[in-house]
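> The structure that follows is given in the form of structure tokens.
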Amino acid sequence: MTHCGSLLRRVASALIAGLVASAGMTGLATVKEPTGEYALFNQCPRFASGVKQCLYARTYGGELKLGTRLIPLVHPVVLQAGTYLDLVTGEEVVVGASNGETLSRSPQPLPGGLFGHALDVTMELADPPSAIGLSVGNLIGEAGTALSLPVKMHLESPFLGSECFIGSHTAPVVLNLTDGTTSPAPPNRPLRGSLGPATTNGEETILELAKSVLVGNTFSMPEATGCGGGGTSTLVDRLLDDDLGLPSPDGHNAAILDNTFYRGAVVAVVRSER
């Protein structure tokens with residue numbers, strides 16, 4: 001009986017292992033991703049209700065002027081999402097990326113640091129992706145706001161703690177960006193963006209706008225909050241504000257973003273999956 005029981009246990013273990021392996025292989029076999037020229041849309045929420053277009057925008061350069069400090073964008077920032085047209089309002093609705101990273105976290109080093117320490121500034125979404133404003137018509141027409149981003153600036157350094165921000169969910173910094181010409185308050189002067197050359201793939205299911213420049217200088221910057229942690233937060237907030245020139249009203253800040261945009265038809269993206 002002992003020998004038979006041991007044999008049965010070994011057979012059962014082998015069967016279970018085989019079933020688990022089979023299930024794992026089946027699971028892997030059902031995971032599909034866009035391929036070829038559509039691979040960059042792999043985080044597009046292409047199965048979300050109503051989504052007709054995939055968006056992938058890569059900011060590869062430019063700068064932010066926040067108060068008195070200038071921050072070059074040396075690390076790429078990626079915006080990825082899905083969109084559909086609201087037939088009632090006529091506006092595009094943005095649906096967040098499948099992996100939850102609609103706007104990538106891309107720390108940008110602040111030149112000269114802060115108080116003798118290295119400091120990174122990371123632009124993060126302050127509101128849900130649905131609060132992002134997108135107008136492809138304005139983008140192509142080079143007039144009006146093409147992209148509106150509600151963001152907060154995360155100031156990251158070991159001595160600042162994890163909750164040091166400029167802007168928040170309740171009071172976001174709204175970057176209204178255009179590839180046309182801005183109309184800022186003084187002392188800022190108008191900035192001029194540009195629409196890069198438009199090309200499509202052979203099936204005309206992907207639109208690429210390469211080397212487009214989005215600009216904005218009509219936004220204000222609030223004071224820093226939550227910096228330092230514990231009982232030192234208020235003091236560190238004030239020191240930061242003095243160094244960065246915050247709060248900074250409209251007319252004293254600017255964003256210049258060098259981008260390449262890709263827009264893909266969901267039906268073609270899904271058809272490419274393997």
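Scheme for the structure tokens: letters A, B, ... for chains in order shown; per-chain residue numbers from 1; ligand numbers from 1 in order shown.
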For Arg46 of chain A, list every protein, DNA or RNA residue within 12 Å, evaluated using only C-alpha atoms, and leave out those in the same chain fewer than 2 positions away; present the list as a PyMOL selection string.
chain A and resi 33-34+38+41-44+48-55+80-84+94-98+264-271+273
> DSSP says strand (DSSP E or B) for which residues of segment 131-176 of chain A? Put them as an MDAnalysis selection string?
chainID A and resid 133:134 147:156 165:166 173:176
> How about saving the chosen residues, C-alpha atoms kept, as a tab-separated table (two decimals), in the first residue's frame?

chain	number	residue	atom	x	y	z
A	133	GLY	CA	-7.35	68.18	-23.72
A	134	LEU	CA	-6.46	67.19	-27.28
A	147	LEU	CA	-2.68	69.81	-26.10
A	148	SER	CA	-3.73	70.76	-22.59
A	149	LEU	CA	-1.90	68.93	-19.80
A	150	PRO	CA	-2.91	69.24	-16.11
A	151	VAL	CA	0.36	68.45	-14.32
A	152	LYS	CA	2.27	68.76	-11.09
A	153	MET	CA	6.04	69.07	-10.78
A	154	HIS	CA	7.58	66.51	-8.44
A	155	LEU	CA	10.79	67.85	-6.89
A	156	GLU	CA	12.95	64.83	-6.06
A	165	PHE	CA	5.37	69.15	-5.38
A	166	ILE	CA	4.61	72.30	-7.30
A	173	VAL	CA	-0.39	73.50	-13.37
A	174	VAL	CA	-2.23	73.53	-16.70
A	175	LEU	CA	0.07	73.62	-19.72
A	176	ASN	CA	-1.94	74.86	-22.70
> Mind checking which residues fall within 12 Å of Phe219 of chain A, counting only C-alpha atoms, ignoring those fewer than 6 positions away in the same chain, and posting them as a PyMOL selection string?
chain A and resi 64-67+148-151+167+172-177+182-185+188+247-255
> Which one of A:Ser212, A:Ser130, A:Thr205, A:Ser162 sits closest to Ala146 of chain A if you count only C-alpha atoms?
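Of A:Ser212, A:Ser130, A:Thr205, A:Ser162, the one nearest Ala146 of chain A is A:Ser212, counting only C-alpha atoms.
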> If you count only C-alpha atoms, which residues fall within 10 Å of segment 238-240 of chain A, apart from same-chain ones fewer than 5 positions away, as number ranges by chain?
A: 114-115, 155, 160, 223-225, 227, 233, 245-246
> Give me, please, the distance in Å between atom CA of Thr260 of chain A and atom CA of Leu209 of chain A, quoted to one decimal.
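Those two atoms sit 5.6 Å apart.
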> So that I can see what lies close to His75 of chain A, please list as an mmCIF file with N, CA and C atoms, in the first residue's frame the residues with an atom at most 10 Å from it, counting only C-alpha atoms and leaving out residues fewer than 3 positions away in the same chain.

data_model
loop_
_atom_site.group_PDB
_atom_site.id
_atom_site.type_symbol
_atom_site.label_atom_id
_atom_site.label_comp_id
_atom_site.auth_asym_id
_atom_site.auth_seq_id
_atom_site.Cartn_x
_atom_site.Cartn_y
_atom_site.Cartn_z
ATOM 1 N N THR A 59 8.269 63.409 -26.446
ATOM 2 C CA THR A 59 9.002 64.669 -26.308
ATOM 3 C C THR A 59 10.475 64.326 -26.134
ATOM 4 N N TYR A 60 11.289 64.724 -27.082
ATOM 5 C CA TYR A 60 12.705 64.334 -27.066
ATOM 6 C C TYR A 60 13.642 65.498 -26.741
ATOM 7 N N GLY A 61 13.089 66.679 -26.506
ATOM 8 C CA GLY A 61 13.923 67.829 -26.186
ATOM 9 C C GLY A 61 13.074 69.032 -25.852
ATOM 10 N N GLY A 62 13.741 70.138 -25.605
ATOM 11 C CA GLY A 62 13.047 71.361 -25.240
ATOM 12 C C GLY A 62 13.458 71.827 -23.853
ATOM 13 N N PRO A 72 16.395 72.171 -18.860
ATOM 14 C CA PRO A 72 16.426 71.490 -20.164
ATOM 15 C C PRO A 72 15.802 70.097 -20.052
ATOM 16 N N VAL A 78 7.126 60.463 -22.627
ATOM 17 C CA VAL A 78 6.201 59.803 -23.550
ATOM 18 C C VAL A 78 4.770 59.960 -23.054
ATOM 19 N N ARG A 105 7.132 58.895 -16.316
ATOM 20 C CA ARG A 105 7.895 59.600 -15.290
ATOM 21 C C ARG A 105 9.336 59.714 -15.782
ATOM 22 N N SER A 106 9.720 60.925 -16.171
ATOM 23 C CA SER A 106 11.045 61.153 -16.745
ATOM 24 C C SER A 106 11.730 62.297 -15.991
ATOM 25 N N PRO A 107 12.489 61.960 -14.929
ATOM 26 C CA PRO A 107 13.141 63.004 -14.126
ATOM 27 C C PRO A 107 14.118 63.840 -14.968
ATOM 28 N N GLN A 108 14.009 65.154 -14.811
ATOM 29 C CA GLN A 108 14.910 66.081 -15.508
ATOM 30 C C GLN A 108 15.778 66.780 -14.462
ATOM 31 N N PRO A 109 17.113 66.698 -14.577
ATOM 32 C CA PRO A 109 17.984 67.328 -13.578
ATOM 33 C C PRO A 109 17.904 68.854 -13.641
#
> Separation of atom CA of Val213 of chain A and atom CA of Leu79 of chain A, in Å?
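We find that atom CA of Val213 of chain A and atom CA of Leu79 of chain A lie 14.8 Å from each other.
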> Give the answer as one residue: which of A:Ile140, A:Leu257, A:Cys164, A:Leu214 has the shortest atom-to-atom distance to Gly229 of chain A, using only C-alpha atoms?
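Looking only at the distances to Gly229 of chain A, the closest residue turns out to be A:Cys164.
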> Can you measure atom CA of Gly193 of chain A to atom CA of Glu91 of chain A for me? One decimal in Å is fine.
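Value for the atom CA of Gly193 of chain A-atom CA of Glu91 of chain A distance: 22.3 Å.
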> Name the closest residue to Asn99 of chain A among the candidates A:Pro197, A:Gly113, A:Pro45, A:Gly141; distances are taken between atoms, counting only C-alpha atoms.
A:Pro45
